[in-house]
Amino acid sequence: MKMPYLVKTPVLLKWFYPGLIWNKSRKEHTIYLTFDDGPVPEVTLFVLETLEKYQAKATFFCIGDNVQKHPDIFEAVKAGGHTIGNHTFNHLRGWDTEDEEYLENTQKCNELIAAKFFRPPYGRAKRSQLAILKKSYEIVMWDVLSGDFDTKLSPQKCYQNVVDKSSNGSIIVFHDSLKAWPRLGYALPKALEYWQQLGYIFKSL
């Protein structure tokens with residue numbers, strides 16, 4: 001059974017978890033693109049080429065196992081001047097994982113990537129896990145979820161999700177994964193073009 005998701009993060013949820021990063025300053029005409037679950041050769045390279053075309057910097061929340069499988073792609077992300085974040089070694093669901101295993105898996109990933117940012121896979125982790133991780137990482141959630149992971153979502157709707165719900169300081173989630181590719185490949189360049197015409201700049205965290 002697929003978990004439901006909200007494209008726009010509710011204010012109440014941000015209030016309930018004030019120690020996490022949900023968005024950046026609303027005063028700056030800036031958008032913060034983030035990409036989860038890579039690196040994956042075909043998809044991540046497309047993302048890097050597209051970002052370069054629009055002079056955009058982004059943050060990549062990497063899975064340690066994928067970094068280990070594709071070290072050259074990981075190095076290409078770093079060479080592009082993008083920020084790296086930790087997304088655990090095996091994309092663990094915090095709610096279903098014992099704290100010790102979750103924290104060890106996160107550390108295993110960080111031994112490869114040396115990141116100061118962390119995002120829990122699925123956006124779900126226990127308070128006990130977050131409390132410990134906050135001592136070592138800045139924990140980044142999001143303001144807008146593209147829905148590119150949703151195989152029932154049309155590419156056009158994925159594009160509308162991000163352009164309709166984004167604003168100054170939005171942290172937006174895409175996925176550089178094969179599952180997301182049919183929607184990401186359509187939505188990312190169109191969204192960057194749209195935002196650029198509105199005068200946005202694109203920064204990494």
# chains A, B, ... in the order shown; residues from 1 in each chain; ligands from 1

call {"tool": "residues_around", "arguments": {"residues": "range 19-24 of chain A", "least_positions_apart": "6", "cutoff": "7 Å", "atoms": "only C-alpha atoms", "output": "JSON, numbers by chain"}}
result
{"A": [139, 140, 141, 142, 143, 169, 170, 171]}

call {"tool": "select_by_dssp", "arguments": {"residues": "range 89-158 of chain A", "states": "strand (DSSP E)", "output": "ChimeraX atom specification"}}
result
/A:117-118,138-139,144-145

call {"tool": "write_last_selection", "arguments": {"atoms": "all heavy atoms", "output": "PDB file, in the first residue's frame"}}
result
ATOM      1  N   PHE A 117      24.643  17.501   5.944  1.00  0.00           N
ATOM      2  CA  PHE A 117      23.181  17.525   5.832  1.00  0.00           C
ATOM      3  C   PHE A 117      22.647  16.093   5.793  1.00  0.00           C
ATOM      4  O   PHE A 117      23.289  15.197   5.240  1.00  0.00           O
ATOM      5  CB  PHE A 117      22.740  18.263   4.573  1.00  0.00           C
ATOM      6  CG  PHE A 117      23.097  19.721   4.552  1.00  0.00           C
ATOM      7  CD1 PHE A 117      24.140  20.184   3.761  1.00  0.00           C
ATOM      8  CD2 PHE A 117      22.392  20.631   5.323  1.00  0.00           C
ATOM      9  CE1 PHE A 117      24.476  21.524   3.744  1.00  0.00           C
ATOM     10  CE2 PHE A 117      22.724  21.972   5.310  1.00  0.00           C
ATOM     11  CZ  PHE A 117      23.764  22.425   4.520  1.00  0.00           C
ATOM     12  N   PHE A 118      21.458  15.908   6.355  1.00  0.00           N
ATOM     13  CA  PHE A 118      20.811  14.591   6.352  1.00  0.00           C
ATOM     14  C   PHE A 118      19.334  14.761   6.027  1.00  0.00           C
ATOM     15  O   PHE A 118      18.690  15.700   6.484  1.00  0.00           O
ATOM     16  CB  PHE A 118      20.937  13.915   7.725  1.00  0.00           C
ATOM     17  CG  PHE A 118      20.187  12.618   7.835  1.00  0.00           C
ATOM     18  CD1 PHE A 118      20.698  11.453   7.282  1.00  0.00           C
ATOM     19  CD2 PHE A 118      18.964  12.556   8.476  1.00  0.00           C
ATOM     20  CE1 PHE A 118      20.004  10.251   7.369  1.00  0.00           C
ATOM     21  CE2 PHE A 118      18.253  11.361   8.572  1.00  0.00           C
ATOM     22  CZ  PHE A 118      18.770  10.205   8.014  1.00  0.00           C
ATOM     23  N   GLU A 138      22.645  18.833   9.991  1.00  0.00           N
ATOM     24  CA  GLU A 138      21.476  19.677   9.797  1.00  0.00           C
ATOM     25  C   GLU A 138      20.466  18.820   9.040  1.00  0.00           C
ATOM     26  O   GLU A 138      20.777  18.303   7.961  1.00  0.00           O
ATOM     27  CB  GLU A 138      21.843  20.923   8.988  1.00  0.00           C
ATOM     28  CG  GLU A 138      22.767  21.876   9.722  1.00  0.00           C
ATOM     29  CD  GLU A 138      23.068  23.110   8.894  1.00  0.00           C
ATOM     30  OE1 GLU A 138      22.104  23.806   8.493  1.00  0.00           O
ATOM     31  OE2 GLU A 138      24.259  23.356   8.627  1.00  0.00           O
ATOM     32  N   ILE A 139      19.283  18.643   9.606  1.00  0.00           N
ATOM     33  CA  ILE A 139      18.292  17.748   9.013  1.00  0.00           C
ATOM     34  C   ILE A 139      17.362  18.555   8.115  1.00  0.00           C
ATOM     35  O   ILE A 139      16.683  19.475   8.561  1.00  0.00           O
ATOM     36  CB  ILE A 139      17.513  16.998  10.101  1.00  0.00           C
ATOM     37  CG1 ILE A 139      18.499  16.169  10.953  1.00  0.00           C
ATOM     38  CG2 ILE A 139      16.459  16.085   9.470  1.00  0.00           C
ATOM     39  CD1 ILE A 139      17.867  15.433  12.104  1.00  0.00           C
ATOM     40  N   VAL A 144       8.212  21.672  -0.826  1.00  0.00           N
ATOM     41  CA  VAL A 144       7.423  21.205  -1.969  1.00  0.00           C
ATOM     42  C   VAL A 144       7.943  19.837  -2.419  1.00  0.00           C
ATOM     43  O   VAL A 144       9.146  19.664  -2.617  1.00  0.00           O
ATOM     44  CB  VAL A 144       7.499  22.193  -3.155  1.00  0.00           C
ATOM     45  CG1 VAL A 144       6.691  21.669  -4.342  1.00  0.00           C
ATOM     46  CG2 VAL A 144       7.003  23.576  -2.739  1.00  0.00           C
ATOM     47  N   LEU A 145       7.030  18.896  -2.585  1.00  0.00           N
ATOM     48  CA  LEU A 145       7.352  17.538  -3.022  1.00  0.00           C
ATOM     49  C   LEU A 145       6.833  17.369  -4.450  1.00  0.00           C
ATOM     50  O   LEU A 145       5.626  17.470  -4.691  1.00  0.00           O
ATOM     51  CB  LEU A 145       6.683  16.537  -2.078  1.00  0.00           C
ATOM     52  CG  LEU A 145       7.061  15.072  -2.154  1.00  0.00           C
ATOM     53  CD1 LEU A 145       8.550  14.867  -1.877  1.00  0.00           C
ATOM     54  CD2 LEU A 145       6.233  14.265  -1.146  1.00  0.00           C
TER      55      LEU A 145
END

call {"tool": "residues_around", "arguments": {"residues": "Leu45 in chain A", "least_positions_apart": "3", "cutoff": "12 Å", "atoms": "only C-alpha atoms", "output": "PyMOL selection string"}}
result
chain A and resi 38-42+48-52+70+72-77+80+176-177+181+185

call {"tool": "residues_around", "arguments": {"residues": "range 90-107 of chain A", "least_positions_apart": "3", "cutoff": "10 Å", "atoms": "only C-alpha atoms", "output": "PyMOL selection string"}}
result
chain A and resi 36-37+62-66+86-87+110-114+118+120-130+132-133

call {"tool": "residues_around", "arguments": {"residues": "Asn168 in chain A", "least_positions_apart": "3", "cutoff": "12 Å", "atoms": "only C-alpha atoms", "output": "short mmCIF file (atom, residue, chain, number, x, y, z; two decimals) with C-alpha atoms, in the first residue's frame"}}
result
data_model
loop_
_atom_site.label_atom_id
_atom_site.label_comp_id
_atom_site.auth_asym_id
_atom_site.auth_seq_id
_atom_site.Cartn_x
_atom_site.Cartn_y
_atom_site.Cartn_z
CA ASN A 23 12.45 26.09 3.77
CA LYS A 24 14.91 28.96 3.57
CA SER A 25 14.37 32.71 3.75
CA ARG A 26 11.15 33.89 2.11
CA LYS A 27 12.79 37.27 1.47
CA GLU A 28 15.21 35.97 -1.15
CA HIS A 29 14.10 35.23 -4.72
CA THR A 30 15.85 31.86 -4.53
CA ILE A 31 14.81 28.23 -4.98
CA TYR A 32 16.66 25.29 -3.45
CA ASP A 143 8.60 22.74 1.32
CA VAL A 144 7.42 21.20 -1.97
CA VAL A 163 5.67 25.51 -10.26
CA LYS A 165 3.45 25.40 -5.01
CA ILE A 171 13.17 23.57 -0.79
CA ILE A 172 11.91 21.29 -3.58
CA TRP A 195 11.58 29.90 -12.73
CA LEU A 198 10.57 34.79 -13.22
CA GLY A 199 14.04 35.83 -12.14
CA TYR A 200 14.74 33.09 -9.59
CA ILE A 201 18.25 31.94 -8.82
CA PHE A 202 19.04 28.38 -7.77
CA LYS A 203 21.29 27.66 -4.81
#

call {"tool": "atom_distance", "arguments": {"atom1": "CA of Thr88 in chain A", "atom2": "CA of Leu184 in chain A"}}
result
22.1 Å

call {"tool": "select_by_dssp", "arguments": {"residues": "chain A", "states": "helix (DSSP H, G or I)", "output": "number ranges by chain"}}
result
A: 11-16, 41-53, 64-69, 71-79, 94-96, 99-113, 121-123, 127-133, 155-165, 181-197

call {"tool": "closest_residue", "arguments": {"among": "A:Ser154, A:Thr83, A:Gln68, A:Ser136", "to": "Ala180 in chain A", "atoms": "only C-alpha atoms"}}
result
A:Ser154

call {"tool": "residues_around", "arguments": {"residues": "Tyr5 in chain A", "least_positions_apart": "3", "cutoff": "10 Å", "atoms": "only C-alpha atoms", "output": "list in words"}}
result
Lys2, Lys8, Thr9, Tyr122, Leu145, Gly147 and Asp150 of chain A

call {"tool": "write_last_selection", "arguments": {"atoms": "all heavy atoms", "output": "compact mmCIF listing (two decimals), in the first residue's frame"}}
result
# COMPACT_ATOMS: atom_id res chain seq x y z
N LYS A 2 0.63 2.12 -0.94
CA LYS A 2 1.45 3.34 -1.05
C LYS A 2 0.98 4.38 -0.04
O LYS A 2 -0.21 4.61 0.14
CB LYS A 2 1.34 3.89 -2.46
CG LYS A 2 2.27 5.04 -2.74
CD LYS A 2 2.25 5.42 -4.20
CE LYS A 2 0.92 6.06 -4.56
NZ LYS A 2 0.92 6.50 -5.97
N LYS A 8 2.52 20.17 -0.91
CA LYS A 8 2.94 21.32 -0.11
C LYS A 8 2.95 20.93 1.37
O LYS A 8 1.95 20.44 1.89
CB LYS A 8 1.98 22.50 -0.33
CG LYS A 8 2.39 23.79 0.38
CD LYS A 8 3.58 24.45 -0.29
CE LYS A 8 3.85 25.83 0.30
NZ LYS A 8 5.05 26.44 -0.30
N THR A 9 4.07 21.13 2.03
CA THR A 9 4.18 20.76 3.43
C THR A 9 3.33 21.69 4.29
O THR A 9 3.46 22.92 4.22
CB THR A 9 5.64 20.84 3.90
OG1 THR A 9 6.43 19.98 3.09
CG2 THR A 9 5.77 20.44 5.36
N TYR A 122 11.93 8.75 2.80
CA TYR A 122 10.47 8.85 2.95
C TYR A 122 10.06 10.04 3.82
O TYR A 122 8.88 10.23 4.09
CB TYR A 122 9.86 7.56 3.52
CG TYR A 122 10.32 6.31 2.83
CD1 TYR A 122 11.33 5.51 3.38
CD2 TYR A 122 9.75 5.91 1.63
CE1 TYR A 122 11.76 4.36 2.75
CE2 TYR A 122 10.17 4.75 0.99
CZ TYR A 122 11.17 3.99 1.56
OH TYR A 122 11.59 2.85 0.92
N LEU A 145 7.03 18.90 -2.58
CA LEU A 145 7.35 17.54 -3.02
C LEU A 145 6.83 17.37 -4.45
O LEU A 145 5.63 17.47 -4.69
CB LEU A 145 6.68 16.54 -2.08
CG LEU A 145 7.06 15.07 -2.15
CD1 LEU A 145 8.55 14.87 -1.88
CD2 LEU A 145 6.23 14.27 -1.15
N GLY A 147 6.52 14.81 -6.38
CA GLY A 147 5.72 13.63 -6.68
C GLY A 147 6.28 12.82 -7.83
O GLY A 147 5.60 11.92 -8.35
N ASP A 150 5.92 9.04 -7.98
CA ASP A 150 4.58 8.49 -8.10
C ASP A 150 4.33 8.04 -9.54
O ASP A 150 4.13 8.87 -10.43
CB ASP A 150 3.56 9.54 -7.66
CG ASP A 150 2.13 9.03 -7.66
OD1 ASP A 150 1.88 7.90 -8.12
OD2 ASP A 150 1.24 9.78 -7.20

call {"tool": "atom_distance", "arguments": {"atom1": "CA of Leu153 in chain A", "atom2": "CA of Phe174 in chain A"}}
result
13.5 Å

call {"tool": "atom_distance", "arguments": {"atom1": "CA of Lys116 in chain A", "atom2": "CA of Gly85 in chain A"}}
result
6.7 Å
